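Here is the file work18.txt (compact mmCIF, C-alpha atoms and all ligand atoms).
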```txt
# COMPACT_ATOMS: atom_id res chain seq x y z
CA MET E 1 0.00 0.00 0.00
CA ARG E 2 1.11 3.53 -0.69
CA LEU E 3 0.11 6.16 1.87
CA GLY E 4 0.25 9.91 1.26
CA LEU E 5 0.61 12.51 4.03
CA PHE E 6 1.29 16.22 4.14
CA ASP E 7 1.88 19.12 6.47
CA SER E 8 3.38 22.59 6.28
CA GLY E 9 6.68 21.30 7.73
CA VAL E 10 7.87 18.73 10.27
CA GLY E 11 4.56 18.58 12.18
CA GLY E 12 3.17 15.73 10.11
CA PHE E 13 6.23 13.67 11.11
CA THR E 14 4.36 12.98 14.38
CA VAL E 15 1.66 11.22 12.35
CA LEU E 16 4.13 9.64 9.93
CA LYS E 17 6.23 8.22 12.75
CA LYS E 18 3.26 6.43 14.31
CA VAL E 19 2.08 5.12 10.98
CA ILE E 20 5.54 3.85 9.99
CA GLU E 21 5.82 2.08 13.36
CA LEU E 22 2.45 0.41 12.85
CA TYR E 23 2.75 -0.38 9.14
CA PRO E 24 6.47 -0.50 8.33
CA ASN E 25 6.06 -2.62 5.22
CA ASN E 26 4.30 0.02 3.18
CA SER E 27 5.34 2.98 1.04
CA PHE E 28 5.00 6.53 2.30
CA ILE E 29 4.98 9.84 0.46
CA TYR E 30 5.30 12.88 2.69
CA LEU E 31 4.86 16.39 1.36
CA ALA E 32 6.07 19.34 3.45
CA ASP E 33 4.83 22.63 2.07
CA THR E 34 7.83 24.46 3.49
CA ALA E 35 7.42 27.41 1.12
CA ARG E 36 4.19 28.38 2.87
CA ILE E 37 4.80 27.48 6.50
CA PRO E 38 3.21 28.49 8.86
CA TYR E 39 -0.31 27.58 7.77
CA GLY E 40 -1.77 28.42 11.17
CA VAL E 41 -2.01 32.17 10.62
CA LYS E 42 -3.33 31.98 7.06
CA THR E 43 -6.84 32.91 5.92
CA THR E 44 -9.55 30.43 5.01
CA HIS E 45 -9.13 31.40 1.38
CA GLU E 46 -5.38 30.69 1.46
CA ILE E 47 -5.84 27.31 3.17
CA ILE E 48 -8.48 26.26 0.64
CA LYS E 49 -6.10 27.11 -2.21
CA ILE E 50 -3.33 25.13 -0.49
CA ALA E 51 -5.67 22.15 -0.01
CA GLU E 52 -6.65 22.27 -3.68
CA GLU E 53 -3.02 22.26 -4.84
CA ILE E 54 -1.87 19.58 -2.44
CA SER E 55 -4.73 17.18 -3.10
CA ASN E 56 -4.36 17.77 -6.81
CA TRP E 57 -0.65 16.88 -6.60
CA PHE E 58 -1.38 13.76 -4.58
CA SER E 59 -3.98 12.67 -7.13
CA TYR E 60 -0.98 11.99 -9.44
CA GLN E 61 1.01 9.97 -6.87
CA ASN E 62 -0.73 6.58 -7.07
CA ILE E 63 -1.60 6.51 -3.40
CA ASP E 64 -4.00 3.99 -1.84
CA ALA E 65 -4.98 6.21 1.11
CA PHE E 66 -4.39 9.77 2.26
CA LEU E 67 -3.75 11.02 5.78
CA VAL E 68 -4.43 14.67 6.59
CA ALA E 69 -1.52 15.22 8.97
CA CYS E 70 -2.27 18.93 9.33
CA ASN E 71 -5.05 20.13 11.64
CA THR E 72 -5.33 23.58 10.07
CA THR E 73 -6.15 22.15 6.64
CA ASN E 74 -8.27 19.49 8.31
CA ALA E 75 -10.35 22.17 10.07
CA ILE E 76 -10.81 24.40 7.04
CA ALA E 77 -10.63 22.32 3.87
CA LEU E 78 -11.24 18.62 4.49
CA ASP E 79 -14.08 18.66 1.97
CA VAL E 80 -11.74 20.03 -0.72
CA ILE E 81 -9.28 17.20 -0.13
CA LYS E 82 -11.99 14.54 -0.16
CA ARG E 83 -13.43 15.93 -3.38
CA ASN E 84 -10.08 15.87 -5.19
CA LEU E 85 -8.93 12.40 -4.14
CA ASP E 86 -10.62 9.14 -5.00
CA VAL E 87 -8.93 7.16 -2.20
CA PRO E 88 -9.93 6.88 1.49
CA VAL E 89 -9.02 10.03 3.43
CA PHE E 90 -8.20 9.78 7.16
CA ASP E 91 -8.27 12.96 9.23
CA LEU E 92 -7.13 13.92 12.72
CA ILE E 93 -10.09 15.94 14.03
CA GLY E 94 -12.79 13.52 12.89
CA SER E 95 -10.80 10.53 14.17
CA VAL E 96 -10.17 11.86 17.67
CA ALA E 97 -13.51 13.61 18.32
CA SER E 98 -15.48 10.40 18.88
CA THR E 99 -12.88 9.04 21.32
CA ILE E 100 -13.01 11.89 23.87
CA GLN E 101 -14.26 10.68 27.26
CA GLU E 102 -13.54 13.62 29.57
CA SER E 103 -16.18 16.25 30.33
CA ARG E 104 -13.75 19.21 30.38
CA VAL E 105 -11.37 19.32 27.46
CA GLY E 106 -8.69 21.78 26.39
CA VAL E 107 -7.41 22.11 22.83
CA LEU E 108 -4.13 23.70 21.79
CA ALA E 109 -4.16 24.60 18.10
CA THR E 110 -3.11 27.16 15.54
CA PRO E 111 -5.06 30.46 15.39
CA SER E 112 -6.66 29.43 12.06
CA THR E 113 -7.83 26.11 13.49
CA VAL E 114 -9.20 27.74 16.65
CA LYS E 115 -11.15 30.28 14.57
CA THR E 116 -13.15 27.48 12.94
CA LYS E 117 -14.10 25.87 16.30
CA ALA E 118 -13.73 22.59 14.40
CA TYR E 119 -12.58 20.70 17.50
CA THR E 120 -15.42 22.01 19.66
CA ASN E 121 -18.04 21.25 17.01
CA ALA E 122 -16.69 17.77 16.28
CA ILE E 123 -16.55 16.80 19.98
CA LEU E 124 -20.01 18.19 20.72
CA GLN E 125 -21.47 16.05 17.95
CA PHE E 126 -20.54 12.98 19.97
CA LYS E 127 -20.82 14.35 23.53
CA PRO E 128 -23.00 17.47 23.55
CA LYS E 129 -22.40 18.22 27.23
CA THR E 130 -18.61 18.40 26.97
CA PHE E 131 -16.99 21.70 27.95
CA VAL E 132 -14.33 22.50 25.34
CA ILE E 133 -11.90 25.42 25.50
CA GLU E 134 -9.59 26.12 22.55
CA GLN E 135 -6.34 28.07 22.87
CA PRO E 136 -4.52 29.54 19.84
CA CYS E 137 -0.74 29.06 20.02
CA PRO E 138 0.84 31.14 17.23
CA GLU E 139 4.36 31.05 18.66
CA PHE E 140 4.80 27.27 18.86
CA VAL E 141 5.21 26.29 15.19
CA PRO E 142 8.06 28.70 14.35
CA MET E 143 9.91 27.63 17.53
CA ILE E 144 9.42 23.91 16.84
CA GLU E 145 10.57 24.26 13.24
CA LEU E 146 13.79 25.87 14.52
CA ASP E 147 14.10 23.03 17.04
CA ASN E 148 13.90 25.60 19.80
CA ILE E 149 12.07 23.16 22.06
CA ASN E 150 14.13 23.06 25.25
CA SER E 151 14.45 26.77 26.00
CA VAL E 152 13.17 28.99 28.79
CA GLU E 153 11.50 30.99 26.03
CA ILE E 154 9.24 28.14 24.83
CA THR E 155 8.55 27.05 28.42
CA ASP E 156 7.30 30.57 29.22
CA VAL E 157 5.14 30.56 26.09
CA ALA E 158 3.69 27.16 27.01
CA ILE E 159 2.84 28.29 30.54
CA ARG E 160 1.14 31.39 29.14
CA TYR E 161 -0.94 29.34 26.67
CA LEU E 162 -1.89 26.71 29.24
CA GLN E 163 -2.99 29.06 32.03
CA PRO E 164 -6.49 29.85 30.64
CA LEU E 165 -7.10 26.11 30.19
CA LEU E 166 -5.89 25.29 33.69
CA ASN E 167 -8.17 28.04 35.06
CA GLN E 168 -11.05 26.13 33.46
CA LYS E 169 -10.01 22.89 35.22
CA ILE E 170 -9.63 20.77 32.09
CA HIS E 171 -9.24 16.99 32.47
CA SER E 172 -7.57 16.35 29.12
CA LEU E 173 -5.63 18.35 26.55
CA ILE E 174 -5.80 17.70 22.82
CA LEU E 175 -2.67 18.54 20.85
CA GLY E 176 -4.63 20.06 17.98
CA CYS E 177 -1.66 20.87 15.75
CA SER E 178 0.54 18.06 14.50
CA HIS E 179 3.67 20.01 15.48
CA TYR E 180 2.76 19.97 19.18
CA PRO E 181 3.44 16.30 20.01
CA LEU E 182 7.09 17.22 19.31
CA ILE E 183 6.96 19.27 22.52
CA SER E 184 4.90 16.84 24.58
CA PRO E 185 7.83 16.26 27.01
CA LEU E 186 7.74 20.01 27.79
CA LEU E 187 3.94 20.07 28.08
CA THR E 188 4.00 17.04 30.38
CA GLU E 189 6.53 18.82 32.56
CA VAL E 190 4.49 21.99 33.01
CA LEU E 191 1.05 20.34 33.30
CA PRO E 192 -0.39 18.66 36.41
CA SER E 193 -0.03 14.89 36.00
CA SER E 194 -3.82 14.45 36.29
CA ILE E 195 -4.32 16.03 32.85
CA LYS E 196 -4.29 13.51 30.03
CA LEU E 197 -2.47 14.52 26.84
CA ILE E 198 -4.24 13.42 23.67
CA ASP E 199 -2.42 13.14 20.35
CA PRO E 200 -5.07 12.83 17.59
CA ALA E 201 -2.58 10.78 15.56
CA ASP E 202 -3.37 7.82 17.84
CA ALA E 203 -7.05 7.89 16.90
CA LEU E 204 -6.18 8.36 13.22
CA SER E 205 -3.79 5.38 13.33
CA PHE E 206 -6.48 3.27 14.94
CA LYS E 207 -9.00 4.13 12.21
CA LEU E 208 -6.36 3.46 9.60
CA LYS E 209 -5.74 0.04 11.11
CA LEU E 210 -9.24 -1.12 10.19
CA PHE E 211 -8.57 -0.10 6.60
CA MET E 212 -5.06 -1.58 6.47
CA ASP E 213 -6.20 -4.86 7.97
CA SER E 214 -8.88 -5.17 5.32
CA LYS E 215 -6.13 -4.85 2.68
CA ALA E 216 -3.56 -6.97 4.52
CA SER E 217 -3.19 -9.55 1.79
CA ASN E 218 -2.26 -6.84 -0.71
CA TYR E 219 1.04 -5.81 0.77
CA SER E 220 4.27 -7.70 1.00
CA LYS E 221 6.81 -7.85 3.77
CA ARG E 222 10.09 -5.96 3.56
CA GLN E 223 12.53 -6.06 6.44
CA ASN E 224 14.29 -3.11 8.08
CA LEU E 225 13.60 -0.72 5.25
CA VAL E 226 11.33 2.28 5.34
CA ASP E 227 10.11 3.09 1.88
CA LEU E 228 9.68 6.84 2.34
CA LYS E 229 9.90 9.63 -0.20
CA ILE E 230 9.74 13.21 1.01
CA TYR E 231 8.87 16.22 -1.12
CA VAL E 232 9.30 19.83 -0.06
CA THR E 233 8.21 23.07 -1.73
CA SER E 234 11.37 24.96 -0.61
CA ASN E 235 14.44 24.58 1.62
CA LEU E 236 15.52 21.29 0.10
CA LYS E 237 18.91 21.55 1.82
CA ASN E 238 17.66 21.50 5.43
CA PHE E 239 15.02 18.84 5.18
CA PRO E 240 17.09 15.62 5.09
CA ASP E 241 18.58 16.64 8.45
CA LYS E 242 15.12 17.35 9.85
CA ALA E 243 13.93 13.91 8.73
CA LYS E 244 16.97 12.30 10.31
CA HIS E 245 16.49 14.29 13.53
CA TRP E 246 12.78 13.57 14.02
CA LEU E 247 12.32 10.22 12.30
CA ASN E 248 15.79 8.71 12.34
CA VAL E 249 15.56 7.84 8.66
CA PHE E 250 17.51 8.98 5.60
CA PRO E 251 14.89 9.33 2.91
CA GLU E 252 15.15 10.71 -0.57
CA VAL E 253 14.04 14.37 -0.44
CA ASN E 254 12.90 16.15 -3.62
CA LEU E 255 11.80 19.66 -4.45
CA VAL E 256 8.38 20.01 -6.05
CA SER E 257 6.33 22.87 -7.41
CA LEU E 258 2.67 22.45 -6.57
CA GLN E 259 1.61 25.02 -9.11
CA LYS E 260 2.94 23.00 -12.08
CA LYS E 261 0.48 20.72 -13.90
CA GLY E 262 0.94 17.18 -15.24
CA TRP E 263 2.93 15.51 -12.48
CA VAL E 264 3.98 11.90 -12.79
CA SER E 265 4.45 9.52 -9.89
N1 LIG E 301 1.04 21.25 11.72
C1 LIG E 301 -0.05 21.94 11.14
C2 LIG E 301 -1.31 21.80 11.96
O1 LIG E 301 -1.53 20.70 12.46
C3 LIG E 301 0.26 23.31 10.58
C4 LIG E 301 0.95 24.25 11.49
C5 LIG E 301 1.38 25.55 10.79
O2 LIG E 301 1.98 25.48 9.73
O3 LIG E 301 1.07 26.61 11.35
O4 LIG E 301 -2.10 22.69 12.10
```

Output the structure of this file as structure tokens.
Ligand code: DGL
Amino acid sequence: MRLGLFDSGVGGFTVLKKVIELYPNNSFIYLADTARIPYGVKTTHEIIKIAEEISNWFSYQNIDAFLVACNTTNAIALDVIKRNLDVPVFDLIGSVASTIQESRVGVLATPSTVKTKAYTNAILQFKPKTFVIEQPCPEFVPMIELDNINSVEITDVAIRYLQPLLNQKIHSLILGCSHYPLISPLLTEVLPSSIKLIDPADALSFKLKLFMDSKASNYSKRQNLVDLKIYVTSNLKNFPDKAKHWLNVFPEVNLVSLQKKGWVS
């Protein structure tokens, strides 16, 4: 099976890593739209255009399933992606919403995701009495991309973002941007241990499992080899190191223009 994933940068690695661990004998295509990072402060119009271009590009990549490893695009333009791809599409927000058990839930997400209230609406569909509070975190993504994740600066930012949620006595905290699981050690450190951290990639991987199991006979076993191709829309030079740092793999990394037409896989 060939699985496609995308994000604005390294955030989707948190989804990719889980999926590679669960299904190592498959092929993976990861697109990082580095030319346009960060997505989380872009307008609805800009994100829809991005979703159109990305899903259009993936429609030429012979994928068997597509994973939306970016919450911002998930919140704003999931319908665009589903319309442009004729393979099963697995998303983070829809996957995790039905699994929430706690009655007071916090969500950390990008400003563009928070504006849509997509997390609140999705959770309330399943548990209408849940109290959900969403916190925009504009400073996290640029810091995480620079690997500035162990500093006093990011700790202070985290404490500032978490305070309104702690004031509301949340029981669990959804990491509603795929970059944020990369700082879960820091978040665990500054949060009371009673608060459960939820990475939506777990729920997505679980949903994907049902699909993968149904196709199990169609894929063959390869040992100790991750078949991963990465594409970036800029900064080709830095990305192999980022992949090595976060995923401990040495994939082929290529530059792609999403505006060009007539791609081949
Ligand atoms: N990691 C993405 C998300 O889950 C995008 C973050 C960004 O580029 O601002 O929202």

Nearest to E:Glu52 by atom-to-atom distance, counting all atoms listed in the file, from E:Thr233, E:Gln259, E:Ser8, E:Thr110: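 Distance minimum relative to E:Glu52 lands on E:Gln259.
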
Report as a ChimeraX atom specification all protein, DNA and RNA residues lying within 9 Å of E:Phe140, evaluated on all atoms listed in the file, omitting residues in the same chain fewer than 2 positions from it. /E:110,137-138,142-145,149,154,157-158,179-180

Taking (1.4, 4.7, 13.9) in the coordinates of the supplied file, I want to know which residues reach to within 12 Å of it, counting only C-alpha atoms; could you give the answer as an MDAnalysis selection string? chainID E and resid 12:24 67 69 199:209 212

Given the choices E:Lys127, E:Lys115, E:Lys42, E:Arg160, which gets closest to ligand LIG 301 (chain E) if the distance is worked out from all atoms listed in the file? E:Lys42

For each of E:Gln163, E:Arg36, E:Glu153, E:Val68, take the minimum atom-to-atom distance to E:Ser95, counting only C-alpha atoms, then give the residue where this is smallest. E:Val68

Taking all atoms listed in the file into account, report as a list of chain:residue names which residues have an atom no farther than 6 Å from an atom of ligand LIG 301 (chain E).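 Going residue by residue within 6 Å of ligand LIG 301 (chain E), we get E:Asp7, E:Ser8, E:Gly11, E:Ile37, E:Pro38, E:Tyr39, E:Gly40, E:Cys70, E:Asn71, E:Thr72, E:Thr110, E:Val141, E:Cys177, E:Ser178, E:His179.
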
Would you write out those residues with C-alpha atoms, as a JSON list (two decimals), in the coordinates of the input?
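Result went into result_37.json, see below:
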```json
[["chain", "number", "residue", "atom", "x", "y", "z"],
["E", 7, "ASP", "CA", 1.88, 19.12, 6.47],
["E", 8, "SER", "CA", 3.38, 22.59, 6.28],
["E", 11, "GLY", "CA", 4.56, 18.58, 12.18],
["E", 37, "ILE", "CA", 4.80, 27.48, 6.50],
["E", 38, "PRO", "CA", 3.21, 28.49, 8.86],
["E", 39, "TYR", "CA", -0.31, 27.58, 7.77],
["E", 40, "GLY", "CA", -1.77, 28.42, 11.17],
["E", 70, "CYS", "CA", -2.27, 18.93, 9.33],
["E", 71, "ASN", "CA", -5.05, 20.13, 11.64],
["E", 72, "THR", "CA", -5.33, 23.58, 10.07],
["E", 110, "THR", "CA", -3.11, 27.16, 15.54],
["E", 141, "VAL", "CA", 5.21, 26.29, 15.19],
["E", 177, "CYS", "CA", -1.66, 20.87, 15.75],
["E", 178, "SER", "CA", 0.54, 18.06, 14.50],
["E", 179, "HIS", "CA", 3.67, 20.01, 15.48]]
```

Restricting to only C-alpha atoms, whichever of E:Leu236, E:Ile159, E:Val114, E:Met1 is closest to E:Ser214 is E:Met1

Please check which residues have atoms at most 12 Å from (7.5, 17.5, 28.0) in the file's coordinates, counting only C-alpha atoms, and write them as a VMD selection string. chain E and resid 149 to 151 154 to 155 158 180 to 193 197

Could you save the residues just selected, with C-alpha atoms, as a compact mmCIF listing (two decimals), in the frame of the given file?
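Writing the result to part_28.txt gives the following:
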```txt
# COMPACT_ATOMS: atom_id res chain seq x y z
CA ILE E 149 12.07 23.16 22.06
CA ASN E 150 14.13 23.06 25.25
CA SER E 151 14.45 26.77 26.00
CA ILE E 154 9.24 28.14 24.83
CA THR E 155 8.55 27.05 28.42
CA ALA E 158 3.69 27.16 27.01
CA TYR E 180 2.76 19.97 19.18
CA PRO E 181 3.44 16.30 20.01
CA LEU E 182 7.09 17.22 19.31
CA ILE E 183 6.96 19.27 22.52
CA SER E 184 4.90 16.84 24.58
CA PRO E 185 7.83 16.26 27.01
CA LEU E 186 7.74 20.01 27.79
CA LEU E 187 3.94 20.07 28.08
CA THR E 188 4.00 17.04 30.38
CA GLU E 189 6.53 18.82 32.56
CA VAL E 190 4.49 21.99 33.01
CA LEU E 191 1.05 20.34 33.30
CA PRO E 192 -0.39 18.66 36.41
CA SER E 193 -0.03 14.89 36.00
CA LEU E 197 -2.47 14.52 26.84
```

Counting only C-alpha atoms, which residue out of E:Ser103, E:Ser55, E:Ser172, E:Ser98 sits closest to E:Arg83?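 Between E:Ser103, E:Ser55, E:Ser172, E:Ser98, the residue approaching E:Arg83 most closely is E:Ser55.
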
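Counting all atoms listed in the file, the residue from E:Ile29, E:Ala65, E:Leu146, E:Leu258 that sits nearest to E:Lys82 is E:Ala65.
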
Atom CA of E:Leu3 and atom CA of E:Leu225 are how many Å apart?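 One can read the atom CA of E:Leu3 to atom CA of E:Leu225 distance as 15.5 Å.
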
Extract, using all atoms listed in the file, all DNA, RNA and protein residues at most 8 Å from E:Asn62, discarding same-chain residues fewer than 2 positions from it, and format them as a list in words. Arg2, Phe58, Ser59, Tyr60, Asp64 and Ser265 of chain E

Non-local contacts of E:Ile81 (9 Å; all atoms listed in the file; under 3 positions in same chain excluded) as a tab-separated table (two decimals) with C-alpha atoms, keeping the file's coordinate frame:
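As a result, result07.tsv now contains:
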```tsv
chain	number	residue	atom	x	y	z
E	51	ALA	CA	-5.67	22.15	-0.01
E	52	GLU	CA	-6.65	22.27	-3.68
E	54	ILE	CA	-1.87	19.58	-2.44
E	55	SER	CA	-4.73	17.18	-3.10
E	56	ASN	CA	-4.36	17.77	-6.81
E	68	VAL	CA	-4.43	14.67	6.59
E	73	THR	CA	-6.15	22.15	6.64
E	74	ASN	CA	-8.27	19.49	8.31
E	77	ALA	CA	-10.63	22.32	3.87
E	78	LEU	CA	-11.24	18.62	4.49
E	84	ASN	CA	-10.08	15.87	-5.19
E	85	LEU	CA	-8.93	12.40	-4.14
E	89	VAL	CA	-9.02	10.03	3.43
```

Find the distance between atom CA of E:Ser27 and atom CA of E:Lys260 and write it in Å to one decimal. 24.1 Å

Fewer than 2 positions away in the same chain doesn't count, so skip those; otherwise give me all residues within 8 Å of E:Leu173, counting only C-alpha atoms, as number ranges by chain. E: 105-108, 170-171, 175, 195-198

As a check of understanding: the span from atom CA of E:Ile123 to atom CA of E:Asp79 is 18.3 Å
